[in-house]
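Okay, coords_25.cif is below, mmCIF, C-alpha atoms:
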data_upload
#
loop_
_atom_site.label_atom_id
_atom_site.label_comp_id
_atom_site.auth_asym_id
_atom_site.auth_seq_id
_atom_site.Cartn_x
_atom_site.Cartn_y
_atom_site.Cartn_z
CA MET A 1 -34.60 -8.24 44.24
CA ARG A 2 -35.56 -10.63 47.02
CA LEU A 3 -32.79 -12.61 48.73
CA ALA A 4 -34.50 -15.82 47.61
CA ASP A 5 -34.02 -14.70 43.99
CA ALA A 6 -30.31 -13.95 44.37
CA GLU A 7 -29.43 -17.16 42.53
CA ARG A 8 -32.24 -17.07 39.96
CA PHE A 9 -31.78 -15.58 36.50
CA THR A 10 -33.75 -14.96 33.35
CA ARG A 11 -32.66 -16.44 30.05
CA SER A 12 -32.49 -13.05 28.37
CA SER A 13 -30.24 -11.52 31.03
CA VAL A 14 -27.85 -14.48 30.92
CA ARG A 15 -27.69 -14.35 27.11
CA ALA A 16 -27.03 -10.59 27.20
CA PHE A 17 -24.36 -11.22 29.84
CA GLU A 18 -22.71 -13.87 27.65
CA VAL A 19 -22.62 -11.56 24.64
CA LEU A 20 -21.11 -8.72 26.66
CA PHE A 21 -18.64 -10.95 28.51
CA GLY A 22 -17.50 -12.53 25.24
CA SER A 23 -17.07 -9.04 23.81
CA ALA A 24 -15.01 -8.07 26.85
CA LEU A 25 -12.63 -10.98 26.18
CA VAL A 26 -12.23 -9.97 22.54
CA VAL A 27 -11.74 -6.31 23.48
CA GLU A 28 -9.14 -7.31 26.08
CA VAL A 29 -7.10 -8.96 23.33
CA LEU A 30 -7.62 -6.07 20.91
CA THR A 31 -6.51 -3.62 23.57
CA ASP A 32 -3.37 -5.65 24.25
CA VAL A 33 -2.65 -5.91 20.51
CA LEU A 34 -3.16 -2.20 19.87
CA THR A 35 -1.41 -0.84 22.97
CA GLY A 36 1.86 -2.74 22.78
CA GLY A 37 1.47 -6.20 24.30
CA TRP A 38 3.62 -7.60 21.51
CA GLY A 39 6.36 -5.06 22.22
CA ILE A 40 6.47 -6.19 25.86
CA HIS A 41 7.07 -9.78 24.82
CA THR A 42 9.72 -8.89 22.25
CA GLY A 43 11.58 -6.79 24.83
CA ARG A 44 11.04 -3.50 22.97
CA LEU A 45 8.82 -2.08 25.72
CA TYR A 46 9.05 -2.03 29.49
CA PRO A 47 7.39 -5.19 30.89
CA TRP A 48 4.40 -3.29 32.20
CA ARG A 49 2.46 -5.19 34.92
CA TYR A 50 4.81 -8.18 34.62
CA ILE A 51 4.95 -9.75 38.09
CA GLY A 52 7.76 -12.23 37.55
CA VAL A 53 5.92 -15.39 38.63
CA VAL A 54 6.60 -17.10 35.30
CA PRO A 55 9.02 -16.10 32.51
CA LEU A 56 7.63 -13.70 29.91
CA TRP A 57 6.10 -15.82 27.16
CA PRO A 58 7.79 -15.80 23.77
CA PRO A 59 5.75 -13.77 21.26
CA SER A 60 4.60 -16.94 19.48
CA LEU A 61 2.93 -18.19 22.67
CA LEU A 62 1.37 -14.78 23.21
CA ALA A 63 -0.13 -14.99 19.71
CA ILE A 64 -1.66 -18.39 20.57
CA VAL A 65 -3.10 -17.05 23.84
CA TRP A 66 -4.56 -14.05 21.99
CA ALA A 67 -6.12 -16.33 19.35
CA LEU A 68 -7.61 -18.73 21.90
CA THR A 69 -8.96 -15.87 24.03
CA VAL A 70 -10.65 -14.33 21.00
CA ALA A 71 -12.06 -17.75 20.09
CA SER A 72 -13.51 -18.26 23.58
CA GLY A 73 -14.91 -14.72 23.53
CA ILE A 74 -16.65 -15.34 20.22
CA ALA A 75 -17.98 -18.68 21.51
CA PHE A 76 -19.44 -16.87 24.55
CA ALA A 77 -21.03 -14.21 22.38
CA LEU A 78 -22.58 -16.82 20.11
CA GLY A 79 -23.63 -19.05 22.98
CA ALA A 80 -21.60 -21.89 21.49
CA LEU A 81 -19.25 -24.47 23.06
CA ARG A 82 -20.92 -23.89 26.41
CA PRO A 83 -18.97 -26.21 28.69
CA LEU A 84 -15.67 -25.54 26.91
CA ALA A 85 -15.70 -21.75 26.42
CA PRO A 86 -15.80 -20.71 30.11
CA ARG A 87 -13.22 -23.34 31.08
CA LEU A 88 -10.88 -22.29 28.29
CA ALA A 89 -11.38 -18.62 29.16
CA ALA A 90 -10.69 -19.33 32.86
CA VAL A 91 -7.41 -21.12 32.07
CA LEU A 92 -6.30 -18.43 29.62
CA MET A 93 -7.13 -15.53 31.91
CA PHE A 94 -5.40 -17.25 34.82
CA ALA A 95 -2.27 -17.68 32.68
CA TRP A 96 -2.53 -14.06 31.62
CA VAL A 97 -2.99 -12.73 35.15
CA ILE A 98 -0.08 -14.59 36.70
CA GLU A 99 2.12 -13.18 33.98
CA ARG A 100 0.94 -9.58 33.65
CA TYR A 101 -1.39 -8.72 36.52
CA SER A 102 -4.18 -6.22 36.03
CA ASN A 103 -7.47 -5.65 37.80
CA HIS A 104 -9.47 -6.16 34.63
CA GLY A 105 -7.52 -9.36 33.90
CA ALA A 106 -8.24 -10.62 37.42
CA LEU A 107 -11.92 -9.76 37.00
CA LEU A 108 -12.14 -11.53 33.65
CA PHE A 109 -10.50 -14.57 35.24
CA LEU A 110 -12.82 -14.60 38.26
CA VAL A 111 -15.95 -14.34 36.11
CA ALA A 112 -14.75 -17.06 33.72
CA PHE A 113 -13.83 -19.24 36.71
CA TYR A 114 -17.27 -18.83 38.29
CA LEU A 115 -18.91 -19.69 34.98
CA ALA A 116 -16.66 -22.71 34.54
CA LEU A 117 -17.94 -24.19 37.83
CA ALA A 118 -21.32 -24.89 36.22
CA PRO A 119 -21.57 -23.45 32.70
CA PRO A 120 -25.10 -22.02 32.31
CA ARG A 121 -27.48 -23.43 29.73
CA PRO A 122 -30.14 -20.76 29.26
CA ALA A 123 -32.02 -22.92 26.75
CA ALA A 124 -32.77 -25.58 29.38
CA SER A 125 -36.48 -25.81 30.15
CA ASP A 126 -36.02 -25.36 33.92
CA PHE A 127 -33.34 -22.67 33.64
CA GLU A 128 -35.37 -19.86 35.16
CA GLU A 129 -36.73 -21.99 38.00
CA ALA A 130 -33.37 -23.52 38.96
CA ARG A 131 -30.82 -21.91 41.26
CA HIS A 132 -27.47 -20.89 39.74
CA PRO A 133 -25.12 -20.22 42.66
CA ASN A 134 -22.15 -19.65 40.36
CA LEU A 135 -24.01 -16.90 38.49
CA GLY A 136 -24.94 -15.53 41.91
CA LEU A 137 -21.19 -15.27 42.55
CA VAL A 138 -20.83 -13.17 39.39
CA ARG A 139 -23.51 -10.81 40.69
CA ALA A 140 -21.82 -10.67 44.09
CA GLN A 141 -18.45 -10.00 42.44
CA LEU A 142 -19.77 -6.81 40.89
CA LEU A 143 -20.93 -5.56 44.28
CA ILE A 144 -17.59 -6.54 45.82
CA VAL A 145 -15.63 -4.63 43.18
CA TYR A 146 -17.62 -1.42 43.65
CA VAL A 147 -17.78 -1.53 47.44
CA PHE A 148 -14.10 -2.37 47.98
CA SER A 149 -12.97 0.06 45.30
CA ALA A 150 -14.91 2.81 47.08
CA LEU A 151 -13.64 1.79 50.53
CA ASN A 152 -10.04 1.64 49.29
CA LYS A 153 -10.43 5.07 47.70
CA ILE A 154 -11.83 6.54 50.91
CA SER A 155 -9.08 5.03 53.06
CA HIS A 156 -6.30 6.23 50.72
CA GLY A 157 -7.44 9.84 50.59
CA PHE A 158 -8.88 9.76 47.06
CA LEU A 159 -11.62 12.16 48.17
CA ARG A 160 -9.03 14.98 48.47
CA GLY A 161 -8.94 14.98 44.67
CA GLU A 162 -5.15 14.93 44.30
CA SER A 163 -5.06 11.43 42.79
CA LEU A 164 -7.52 12.34 40.05
CA ALA A 165 -5.77 15.67 39.49
CA ASN A 166 -2.41 13.87 39.13
CA LEU A 167 -3.91 11.20 36.92
CA VAL A 168 -5.66 13.34 34.33
CA GLY A 169 -4.01 16.71 34.92
CA TRP A 170 -7.09 18.55 36.14
CA ARG A 171 -7.18 21.42 38.60
CA LEU A 172 -7.91 20.38 42.17
CA GLU A 173 -11.13 22.45 42.28
CA LEU A 174 -12.53 20.22 39.55
CA ALA A 175 -10.88 16.95 40.58
CA ARG A 176 -12.11 17.07 44.18
CA PRO A 177 -15.90 17.10 43.51
CA LEU A 178 -15.49 14.55 40.75
CA SER A 179 -13.53 12.26 43.07
CA ILE A 180 -16.36 12.47 45.59
CA ALA A 181 -18.87 11.79 42.80
CA VAL A 182 -16.95 8.68 41.68
CA VAL A 183 -16.92 7.23 45.21
CA LEU A 184 -20.60 8.05 45.73
CA ALA A 185 -21.42 6.37 42.42
CA GLU A 186 -19.45 3.27 43.39
CA LEU A 187 -21.35 3.06 46.67
CA ALA A 188 -24.75 3.83 45.14
CA LEU A 189 -24.59 1.47 42.16
CA PRO A 190 -24.73 -1.79 44.18
CA VAL A 191 -27.85 -0.50 45.94
CA LEU A 192 -29.41 0.62 42.65
CA LEU A 193 -28.63 -2.68 40.95
CA VAL A 194 -30.40 -4.60 43.69
CA ARG A 195 -33.35 -2.21 44.17
CA SER A 196 -33.84 -0.89 40.65
CA PRO A 197 -31.78 -2.95 38.20
CA ARG A 198 -32.62 -1.02 35.03
CA VAL A 199 -31.52 2.28 36.56
CA GLY A 200 -28.48 0.52 38.02
CA VAL A 201 -27.40 -0.85 34.64
CA VAL A 202 -27.74 2.61 33.08
CA GLY A 203 -25.63 3.97 35.93
CA VAL A 204 -22.94 1.32 35.37
CA VAL A 205 -22.84 2.10 31.65
CA LEU A 206 -22.55 5.86 32.26
CA LEU A 207 -19.87 5.49 34.95
CA HIS A 208 -17.68 3.25 32.81
CA LEU A 209 -18.20 5.37 29.69
CA GLY A 210 -16.88 8.24 31.78
CA PHE A 211 -13.86 6.18 32.86
CA VAL A 212 -13.13 5.17 29.28
CA VAL A 213 -13.32 8.76 28.03
CA LEU A 214 -10.87 9.82 30.75
CA MET A 215 -8.66 6.78 30.52
CA PRO A 216 -8.74 4.99 27.18
CA GLY A 217 -7.63 1.41 27.57
CA LEU A 218 -10.25 0.52 30.19
CA TRP A 219 -12.76 -0.75 27.61
CA SER A 220 -12.58 -4.41 28.62
CA PHE A 221 -12.99 -3.53 32.29
CA GLY A 222 -16.03 -1.40 31.49
CA LEU A 223 -17.53 -4.11 29.31
CA VAL A 224 -17.13 -6.86 31.89
CA MET A 225 -18.66 -4.62 34.58
CA VAL A 226 -21.63 -3.85 32.31
CA ALA A 227 -21.92 -7.56 31.49
CA MET A 228 -22.08 -8.43 35.19
CA SER A 229 -24.63 -5.69 35.86
CA VAL A 230 -26.96 -7.08 33.19
CA LEU A 231 -27.32 -10.23 35.33
CA PHE A 232 -29.32 -8.13 37.82
CA LEU A 233 -32.07 -7.57 35.26
CA GLY A 234 -35.22 -9.55 35.85
CA GLU A 235 -38.17 -10.69 33.83
CA GLY A 236 -39.43 -7.96 31.52
CA ASP A 237 -36.31 -5.78 31.86
CA LEU A 238 -34.89 -6.98 28.56
CA PRO A 239 -36.79 -7.52 25.31
CA THR A 240 -37.12 -11.17 24.37
CA ARG A 241 -37.30 -12.76 20.94
CA ARG A 242 -41.01 -13.21 21.41
CA GLY A 243 -41.63 -9.52 21.67
CA PRO A 244 -41.07 -6.37 23.72
CA ALA A 245 -40.54 -6.26 27.47
CA ARG A 246 -43.40 -7.75 29.47
CA SER A 247 -44.64 -6.30 32.70
CA PRO A 248 -44.27 -8.61 35.71
CA MET B 1 -33.42 -47.42 39.39
CA LEU B 2 -30.66 -45.93 37.24
CA ARG B 3 -32.75 -42.81 36.70
CA ALA B 4 -33.22 -42.38 40.45
CA HIS B 5 -29.46 -42.72 40.97
CA LEU B 6 -28.74 -40.15 38.28
CA ILE B 7 -31.23 -37.67 39.74
CA SER B 8 -29.72 -38.20 43.20
CA LEU B 9 -26.22 -37.63 41.76
CA VAL B 10 -27.33 -34.42 40.03
CA TYR B 11 -28.79 -33.12 43.30
CA ARG B 12 -25.62 -34.00 45.20
CA VAL B 13 -23.43 -32.24 42.61
CA ALA B 14 -25.74 -29.20 42.64
CA GLY B 15 -25.55 -29.11 46.44
CA ALA B 16 -21.76 -29.31 46.32
CA VAL B 17 -21.59 -26.45 43.80
CA THR B 18 -23.85 -24.35 46.01
CA SER B 19 -21.72 -24.99 49.11
CA PHE B 20 -18.52 -24.37 47.17
CA CYS B 21 -19.84 -21.09 45.75
CA ARG B 22 -20.85 -19.86 49.19
CA ALA B 23 -17.44 -20.78 50.58
CA LEU B 24 -15.83 -18.90 47.66
CA LEU B 25 -17.92 -15.84 48.41
CA VAL B 26 -16.84 -15.82 52.05
CA LEU B 27 -13.19 -16.30 51.05
CA ASN B 28 -13.49 -13.58 48.44
CA VAL B 29 -14.86 -11.00 50.87
CA GLY B 30 -12.32 -12.05 53.50
CA TYR B 31 -9.45 -11.63 51.06
CA CYS B 32 -10.73 -8.22 49.94
CA LEU B 33 -10.83 -7.08 53.56
CA LEU B 34 -7.26 -8.29 54.02
CA ALA B 35 -6.10 -6.58 50.79
CA ALA B 36 -7.76 -3.36 51.95
CA VAL B 37 -5.58 -3.18 55.07
CA GLN B 38 -2.39 -4.85 53.83
CA GLU B 39 -0.34 -2.69 51.45
CA GLY B 40 1.03 -4.52 48.43
CA LEU B 41 -1.65 -7.20 48.20
CA PRO B 42 -3.57 -7.12 44.93
CA GLY B 43 -7.10 -5.97 45.59
CA TRP B 44 -9.67 -3.64 44.12
CA HIS B 45 -7.30 -0.71 44.25
CA MET B 46 -8.05 1.53 41.30
CA PHE B 47 -6.16 4.78 40.92
CA GLU B 48 -6.89 5.66 44.53
CA ASP B 49 -3.40 6.94 45.28
CA VAL B 50 -1.77 8.49 42.23
CA GLU B 51 1.50 10.25 42.93
CA ARG B 52 2.67 13.41 41.19
CA PHE B 53 5.85 13.31 39.12
CA ASP B 54 7.90 15.97 37.40
CA VAL B 55 10.47 13.94 35.58
CA VAL B 56 13.25 14.62 33.12
CA LEU B 57 15.62 12.01 31.71
CA ARG B 58 18.39 13.32 29.47
CA ASP B 59 20.98 11.36 27.53
CA ARG B 60 24.67 12.30 27.33
CA GLU B 61 23.94 14.71 24.46
CA GLY B 62 21.44 16.52 26.67
CA ALA B 63 18.46 15.33 24.60
CA ASP B 64 15.25 14.49 26.45
CA VAL B 65 14.39 10.79 26.53
CA ASP B 66 10.67 10.15 26.11
CA LEU B 67 9.82 7.54 28.74
CA ARG B 68 6.36 7.06 27.21
CA ALA B 69 8.00 5.61 24.10
CA TYR B 70 9.11 2.65 26.21
CA LEU B 71 5.69 2.01 27.74
CA PRO B 72 2.61 0.42 26.23
CA THR B 73 0.02 3.00 25.18
CA HIS B 74 -2.41 3.81 28.01
CA ALA B 75 -0.02 2.50 30.68
CA TRP B 76 -0.76 4.67 33.70
CA LEU B 77 2.18 5.35 35.98
CA VAL B 78 0.76 5.93 39.43
CA ARG B 79 3.69 5.34 41.77
CA TYR B 80 7.22 6.66 41.97
CA ASP B 81 8.49 3.10 42.45
CA GLU B 82 7.04 2.14 39.05
CA LEU B 83 8.65 5.19 37.48
CA ARG B 84 12.04 4.18 38.92
CA GLU B 85 11.73 0.77 37.28
CA VAL B 86 10.81 2.27 33.89
CA VAL B 87 13.81 4.61 34.05
CA ARG B 88 16.05 1.69 34.96
CA PHE B 89 14.70 -0.29 31.97
CA VAL B 90 15.39 2.60 29.57
CA CYS B 91 18.86 3.17 31.00
CA GLU B 92 19.80 -0.50 30.62
CA LYS B 93 18.26 -0.78 27.16
CA GLU B 94 19.86 2.37 25.79
CA ARG B 95 23.34 2.02 27.31
CA ALA B 96 24.89 3.55 24.18
CA ARG B 97 23.07 6.83 24.87
CA GLY B 98 24.29 7.02 28.46
CA PRO B 99 25.23 8.26 30.87
CA PHE B 100 21.84 9.76 31.62
CA LEU B 101 20.76 12.54 33.90
CA PHE B 102 17.60 11.72 35.82
CA GLU B 103 15.78 14.49 37.57
CA GLU B 104 12.56 14.24 39.57
CA ARG B 105 11.80 17.74 40.78
CA VAL B 106 8.87 16.97 43.11
CA ARG B 107 11.12 14.77 45.26
CA GLY B 108 14.32 16.71 44.66
CA VAL B 109 16.10 13.74 43.06
CA ARG B 110 18.93 14.46 40.61
CA VAL B 111 21.23 11.59 39.74
CA GLU B 112 23.49 10.37 36.95
CA LEU B 113 22.61 6.92 35.65
CA GLY B 114 24.36 4.46 33.40
CA THR B 115 27.92 4.89 34.53
CA THR B 116 27.99 2.31 37.29
CA THR B 117 24.30 1.64 37.85
CA CYS B 118 20.92 2.28 36.31
CA LYS B 119 19.15 1.97 39.62
CA VAL B 120 17.25 5.11 40.57
CA PRO B 121 17.49 5.86 44.29
CA ARG B 122 14.40 5.83 46.45
CA ALA B 123 13.08 9.17 47.53
CA PRO B 124 10.64 10.33 50.19
CA ARG B 125 7.21 11.35 48.89
#
Could I get this file's structure written as structure tokens?
Amino acid sequence: MRLADAERFTRSSVRAFEVLFGSALVVEVLTDVLTGGWGIHTGRLYPWRYIGVVPLWPPSLLAIVWALTVASGIAFALGALRPLAPRLAAVLMFAWVIERYSNHGALLFLVAFYLALAPPRPAASDFEEARHPNLGLVRAQLLIVYVFSALNKISHGFLRGESLANLVGWRLELARPLSIAVVLAELALPVLLVRSPRVGVVGVVLLHLGFVVLMPGLWSFGLVMVAMSVLFLGEGDLPTRRGPARSP
Amino acid sequence: MLRAHLISLVYRVAGAVTSFCRALLVLNVGYCLLAAVQEGLPGWHMFEDVERFDVVLRDREGADVDLRAYLPTHAWLVRYDELREVVRFVCEKERARGPFLFEERVRGVRVELGTTTCKVPRAPR
């Protein structure tokens, strides 16, 4: 990818991104429903990730937030309500994050916020010629997440393998090389996404499938990362409605 | 005339969005650098420093209390400070089962909870 193209996008990649990002919002709600979000708000469970900025919502308000988040996710996936869906999602995810903070919640908020700045309209005739700096921010955010995650892991001694061993109960002999592999993957994927987007997207999918197998509950994080990676795909990388992938 | 004004307005708005996005990117990277060096700031910290626990919480009958039952599924406890807060929550919620014996063998902590306080003492790593 040339620097001049950093803010240019194909219709097909933006549509694929919207479908995946909408799915991530729906999966985020499903995960919260299935893992005990309701129990937190009724007081049955420990207020996991609650940061105390605002009072815990009553369960009825939580139900409304869940419903609206699912609605905005479906709107994204269908490409409907374009100006409204990203703005609604940004407000909802912000409310969610200042109540129960999580990295995937923060990432969903940031992406929705960037989209809300200038909601994309892939059907516009000049879409592929025009610059989309806010979508460029989404691309940059993916690189930021991987690079800073890797740097934070390196600086906190993750490479010794003890964190992974403690997390999933593996022996250190296995956890250590896998810890190194995770950090190498996080450093390599930004380069791959820029230099060879198709390979990069496959790498992102494999890495996050691995995370999800090890740590169920990270589905929405994986989905939003895959969604963001799809934005690196260029012309011919994704099949279009007109036919199979074209060569540049 | 009106069309020219509208086109000019669109260009000005587009230019403002571009400048704003670039400023956001700079702020974003700057914040991430700060969060990388300042403990406690939310940043892209993902399971990089997971502490080891060996925990037992027993009620007054001597029965083990399952801390996981009070956590959402797939909640990953990574720090001893988080664990202390979960134990405190269980102790306060289940007062009728107290007093409790809390033991954390890795840090050599052994304390009775629920008589006067449910607060678990800090311990060195």
Give me the result of the PyMOL selection byres ((chain A) within 8 of (chain B)) on this file, residue by residue, as a PDB file with C-alpha atoms, in the frame of the given file.
ATOM      1  CA  THR A  35      -1.410  -0.840  22.970  1.00  0.00           C
ATOM      2  CA  GLY A  36       1.860  -2.740  22.780  1.00  0.00           C
ATOM      3  CA  GLY A  37       1.470  -6.200  24.300  1.00  0.00           C
ATOM      4  CA  GLY A  39       6.360  -5.060  22.220  1.00  0.00           C
ATOM      5  CA  ILE A  40       6.470  -6.190  25.860  1.00  0.00           C
ATOM      6  CA  ARG A  44      11.040  -3.500  22.970  1.00  0.00           C
ATOM      7  CA  LEU A  45       8.820  -2.080  25.720  1.00  0.00           C
ATOM      8  CA  TYR A  46       9.050  -2.030  29.490  1.00  0.00           C
ATOM      9  CA  TRP A  48       4.400  -3.290  32.200  1.00  0.00           C
ATOM     10  CA  ASN A 103      -7.470  -5.650  37.800  1.00  0.00           C
ATOM     11  CA  LEU A 117     -17.940 -24.190  37.830  1.00  0.00           C
ATOM     12  CA  ALA A 118     -21.320 -24.890  36.220  1.00  0.00           C
ATOM     13  CA  PRO A 133     -25.120 -20.220  42.660  1.00  0.00           C
ATOM     14  CA  ASN A 134     -22.150 -19.650  40.360  1.00  0.00           C
ATOM     15  CA  LEU A 137     -21.190 -15.270  42.550  1.00  0.00           C
ATOM     16  CA  ALA A 140     -21.820 -10.670  44.090  1.00  0.00           C
ATOM     17  CA  ILE A 144     -17.590  -6.540  45.820  1.00  0.00           C
ATOM     18  CA  VAL A 145     -15.630  -4.630  43.180  1.00  0.00           C
ATOM     19  CA  PHE A 148     -14.100  -2.370  47.980  1.00  0.00           C
ATOM     20  CA  SER A 149     -12.970   0.060  45.300  1.00  0.00           C
ATOM     21  CA  LEU A 151     -13.640   1.790  50.530  1.00  0.00           C
ATOM     22  CA  ASN A 152     -10.040   1.640  49.290  1.00  0.00           C
ATOM     23  CA  LYS A 153     -10.430   5.070  47.700  1.00  0.00           C
ATOM     24  CA  HIS A 156      -6.300   6.230  50.720  1.00  0.00           C
ATOM     25  CA  GLY A 157      -7.440   9.840  50.590  1.00  0.00           C
ATOM     26  CA  PHE A 158      -8.880   9.760  47.060  1.00  0.00           C
ATOM     27  CA  GLU A 162      -5.150  14.930  44.300  1.00  0.00           C
ATOM     28  CA  SER A 163      -5.060  11.430  42.790  1.00  0.00           C
ATOM     29  CA  LEU A 164      -7.520  12.340  40.050  1.00  0.00           C
ATOM     30  CA  ASN A 166      -2.410  13.870  39.130  1.00  0.00           C
ATOM     31  CA  LEU A 167      -3.910  11.200  36.920  1.00  0.00           C
ATOM     32  CA  MET A 215      -8.660   6.780  30.520  1.00  0.00           C
ATOM     33  CA  PRO A 216      -8.740   4.990  27.180  1.00  0.00           C
ATOM     34  CA  GLY A 217      -7.630   1.410  27.570  1.00  0.00           C
TER      35      GLY A 217
END
Specify as an MDAnalysis selection string each residue included when the PyMOL selection byres ((chain A and resi 84-93) around 9) is applied to this file.
-> chainID A and resid 25 65:66 68:69 71:76 80:83 94:98 105:106 108:117 119
Measure the distance from CA of Asp66 in chain B to CA of Trp38 in chain A in Å and round it to one decimal.
->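 Here the two named atoms are 19.6 Å from each other.
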Here CA of Ser155 in chain A and CA of Gln38 in chain B stand apart by 12.0 Å
Quick one: of A:Pro190, A:Gly234, A:Gly22, A:Pro55, who's nearest to Leu78 in chain A, counting all atoms listed in the file?
-> A:Gly22
Tell me which residues the PyMOL selection byres ((chain A and resi 53) around 10) grabs here, as a list in words.
->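 On this input, the PyMOL selection byres ((chain A and resi 53) around 10) captures Tyr50, Ile51, Gly52, Val54, Pro55, Leu56, Val97, Ile98, Glu99 and Arg100 of chain A.
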Grab the CA of Gly114 in chain B to CA of Leu83 in chain B distance for me, in Å with one decimal place.
->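 Taking CA of Gly114 in chain B as the start and CA of Leu83 in chain B as the end point, the length is 16.2 Å.
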